[in-house]
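Engineer: My structure is below; once you've seen it, I'll send some questions.
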Amino acid sequence: MPTTERLEAFIAAVESGAHAQAIEDYYTEDATMRENQAEPRRGRSALVAREQATLDRTASVVSTCVRPVFVNGDHVVIRWVFDFRFKDGKAMRMEELAWQRWEGERIAQEEFFYDPAQARPT
């Protein structure tokens, strides 16, 4: 179960724009991520690489945690809003719920739930 301080530090890291670094610092080595019940991505290094590839396409990302954050033992649910500005001039706003299972002070499993229609830059 994450401490309140550890969870708040994770949220602050994401809100500061350090997305790939947050995965490195807050996820287990064998962590998984899954979007809308798709096949999970596995392994922290692969998760960091994919996040960095996404960030490399962006001019900016504003990440906002919409509170409250729900915590029940090792399980956490965070509502996020991401405003992307891509290098090609397009923009995208994504709102999602992130369900996390923590092992101690690190995230071992994360699933994102969102409307896929949002994932089309305009």
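How things are named: the first chain in the structure tokens is A, the next is B, and so on; residues count from 1 in each chain; ligands count from 1 in the order shown.
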Looking only at helix (DSSP H, G or I) from DSSP on the backbone, list the matching residues of chain A as a ChimeraX atom specification.

Structural biologist: /A:4-15,19-26,44-56,116-119

Engineer: Those same residues - C-alpha atoms - I'd like them written as a PDB file, in the first residue's frame.

Structural biologist:
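Printed below is result03.pdb as written:
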ATOM      1  CA  THR A   4       0.031   9.239   1.197  1.00  0.00           C
ATOM      2  CA  GLU A   5       3.371  10.986   0.712  1.00  0.00           C
ATOM      3  CA  ARG A   6       4.497   8.512  -1.963  1.00  0.00           C
ATOM      4  CA  LEU A   7       1.186   8.730  -3.833  1.00  0.00           C
ATOM      5  CA  GLU A   8       1.228  12.537  -3.739  1.00  0.00           C
ATOM      6  CA  ALA A   9       4.836  12.545  -4.979  1.00  0.00           C
ATOM      7  CA  PHE A  10       3.805  10.318  -7.909  1.00  0.00           C
ATOM      8  CA  ILE A  11       0.912  12.624  -8.802  1.00  0.00           C
ATOM      9  CA  ALA A  12       3.192  15.676  -8.543  1.00  0.00           C
ATOM     10  CA  ALA A  13       5.734  14.024 -10.866  1.00  0.00           C
ATOM     11  CA  VAL A  14       3.087  13.359 -13.518  1.00  0.00           C
ATOM     12  CA  GLU A  15       1.590  16.836 -13.164  1.00  0.00           C
ATOM     13  CA  HIS A  19       5.849  11.150 -17.321  1.00  0.00           C
ATOM     14  CA  ALA A  20       8.627   8.778 -18.388  1.00  0.00           C
ATOM     15  CA  GLN A  21      10.650   9.523 -15.252  1.00  0.00           C
ATOM     16  CA  ALA A  22       7.570   8.816 -13.111  1.00  0.00           C
ATOM     17  CA  ILE A  23       7.361   5.328 -14.622  1.00  0.00           C
ATOM     18  CA  GLU A  24      11.046   4.782 -13.877  1.00  0.00           C
ATOM     19  CA  ASP A  25      10.702   6.039 -10.307  1.00  0.00           C
ATOM     20  CA  TYR A  26       7.302   4.657  -9.268  1.00  0.00           C
ATOM     21  CA  ARG A  44       9.181  -1.028 -16.816  1.00  0.00           C
ATOM     22  CA  SER A  45      11.818  -0.414 -19.501  1.00  0.00           C
ATOM     23  CA  ALA A  46       9.250  -1.052 -22.263  1.00  0.00           C
ATOM     24  CA  LEU A  47       6.737   1.204 -20.507  1.00  0.00           C
ATOM     25  CA  VAL A  48       9.306   4.005 -20.225  1.00  0.00           C
ATOM     26  CA  ALA A  49      10.294   3.631 -23.899  1.00  0.00           C
ATOM     27  CA  ARG A  50       6.694   3.828 -25.096  1.00  0.00           C
ATOM     28  CA  GLU A  51       5.965   6.845 -22.898  1.00  0.00           C
ATOM     29  CA  GLN A  52       9.096   8.596 -24.147  1.00  0.00           C
ATOM     30  CA  ALA A  53       8.114   7.892 -27.766  1.00  0.00           C
ATOM     31  CA  THR A  54       4.753   9.557 -27.118  1.00  0.00           C
ATOM     32  CA  LEU A  55       6.412  12.527 -25.434  1.00  0.00           C
ATOM     33  CA  ASP A  56       8.845  12.890 -28.341  1.00  0.00           C
ATOM     34  CA  PRO A 116     -11.269   5.944 -27.471  1.00  0.00           C
ATOM     35  CA  ALA A 117     -12.970   8.684 -29.497  1.00  0.00           C
ATOM     36  CA  GLN A 118     -10.846  11.153 -27.506  1.00  0.00           C
ATOM     37  CA  ALA A 119      -7.651   9.669 -28.946  1.00  0.00           C
TER      38      ALA A 119
END

Engineer: What separation in Å, quoted to one decimal, exists between atom CA of Glu39 of chain A and atom CA of Arg79 of chain A?

Structural biologist: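 A separation of 21.6 Å between them.
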
Engineer: Excluding Pro121 of chain A and any residue of its chain fewer than 4 positions from it, enumerate the residues within 10 Å of it, using only C-alpha atoms, and give them as a ChimeraX atom specification.

Structural biologist: /A:84-86,89-94,117

Engineer: Write the residues you've just listed into a file as a PDB file, in the first residue's frame, and include N, CA and C atoms for each of them.

Structural biologist:
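Written file, result.pdb:
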ATOM      1  N   PHE A  84      -2.751  17.532 -24.735  1.00  0.00           N
ATOM      2  CA  PHE A  84      -1.578  17.360 -25.578  1.00  0.00           C
ATOM      3  C   PHE A  84      -1.552  18.416 -26.673  1.00  0.00           C
ATOM      4  N   ARG A  85      -0.392  18.947 -26.936  1.00  0.00           N
ATOM      5  CA  ARG A  85      -0.118  19.768 -28.122  1.00  0.00           C
ATOM      6  C   ARG A  85       1.014  19.042 -28.843  1.00  0.00           C
ATOM      7  N   PHE A  86       0.737  18.600 -30.064  1.00  0.00           N
ATOM      8  CA  PHE A  86       1.715  17.833 -30.809  1.00  0.00           C
ATOM      9  C   PHE A  86       2.573  18.748 -31.669  1.00  0.00           C
ATOM     10  N   GLY A  89       1.214  20.489 -34.705  1.00  0.00           N
ATOM     11  CA  GLY A  89       0.207  21.532 -34.524  1.00  0.00           C
ATOM     12  C   GLY A  89      -1.143  21.027 -34.066  1.00  0.00           C
ATOM     13  N   LYS A  90      -1.350  19.721 -34.055  1.00  0.00           N
ATOM     14  CA  LYS A  90      -2.625  19.170 -33.609  1.00  0.00           C
ATOM     15  C   LYS A  90      -2.682  19.134 -32.085  1.00  0.00           C
ATOM     16  N   ALA A  91      -3.907  19.032 -31.570  1.00  0.00           N
ATOM     17  CA  ALA A  91      -4.127  18.986 -30.124  1.00  0.00           C
ATOM     18  C   ALA A  91      -5.058  17.826 -29.796  1.00  0.00           C
ATOM     19  N   MET A  92      -4.987  17.395 -28.550  1.00  0.00           N
ATOM     20  CA  MET A  92      -5.851  16.304 -28.097  1.00  0.00           C
ATOM     21  C   MET A  92      -6.047  16.448 -26.589  1.00  0.00           C
ATOM     22  N   ARG A  93      -7.280  16.287 -26.153  1.00  0.00           N
ATOM     23  CA  ARG A  93      -7.597  16.282 -24.725  1.00  0.00           C
ATOM     24  C   ARG A  93      -8.110  14.893 -24.373  1.00  0.00           C
ATOM     25  N   MET A  94      -7.480  14.285 -23.383  1.00  0.00           N
ATOM     26  CA  MET A  94      -7.871  12.941 -22.936  1.00  0.00           C
ATOM     27  C   MET A  94      -8.254  13.003 -21.470  1.00  0.00           C
ATOM     28  N   ALA A 117     -12.711   7.586 -28.563  1.00  0.00           N
ATOM     29  CA  ALA A 117     -12.970   8.684 -29.497  1.00  0.00           C
ATOM     30  C   ALA A 117     -12.139   9.912 -29.161  1.00  0.00           C
TER      31      ALA A 117
END

Engineer: I'd like to know which residues of segment 60-107 of chain A are strand (DSSP E) (by DSSP, run on the backbone); could you write them as a VMD selection string?

Structural biologist: chain A and resid 60 to 72 75 to 86 91 to 103 106 to 107

Engineer: Write out as a list in words each polymer residue whose atoms come within 8 Å of Val61 of chain A, counting only C-alpha atoms; drop sequence neighbours fewer than 2 positions from it.

Structural biologist: Gly17, Thr58, Ala59, Ser63, Phe82, Asp83, Phe84 and Arg85 of chain A
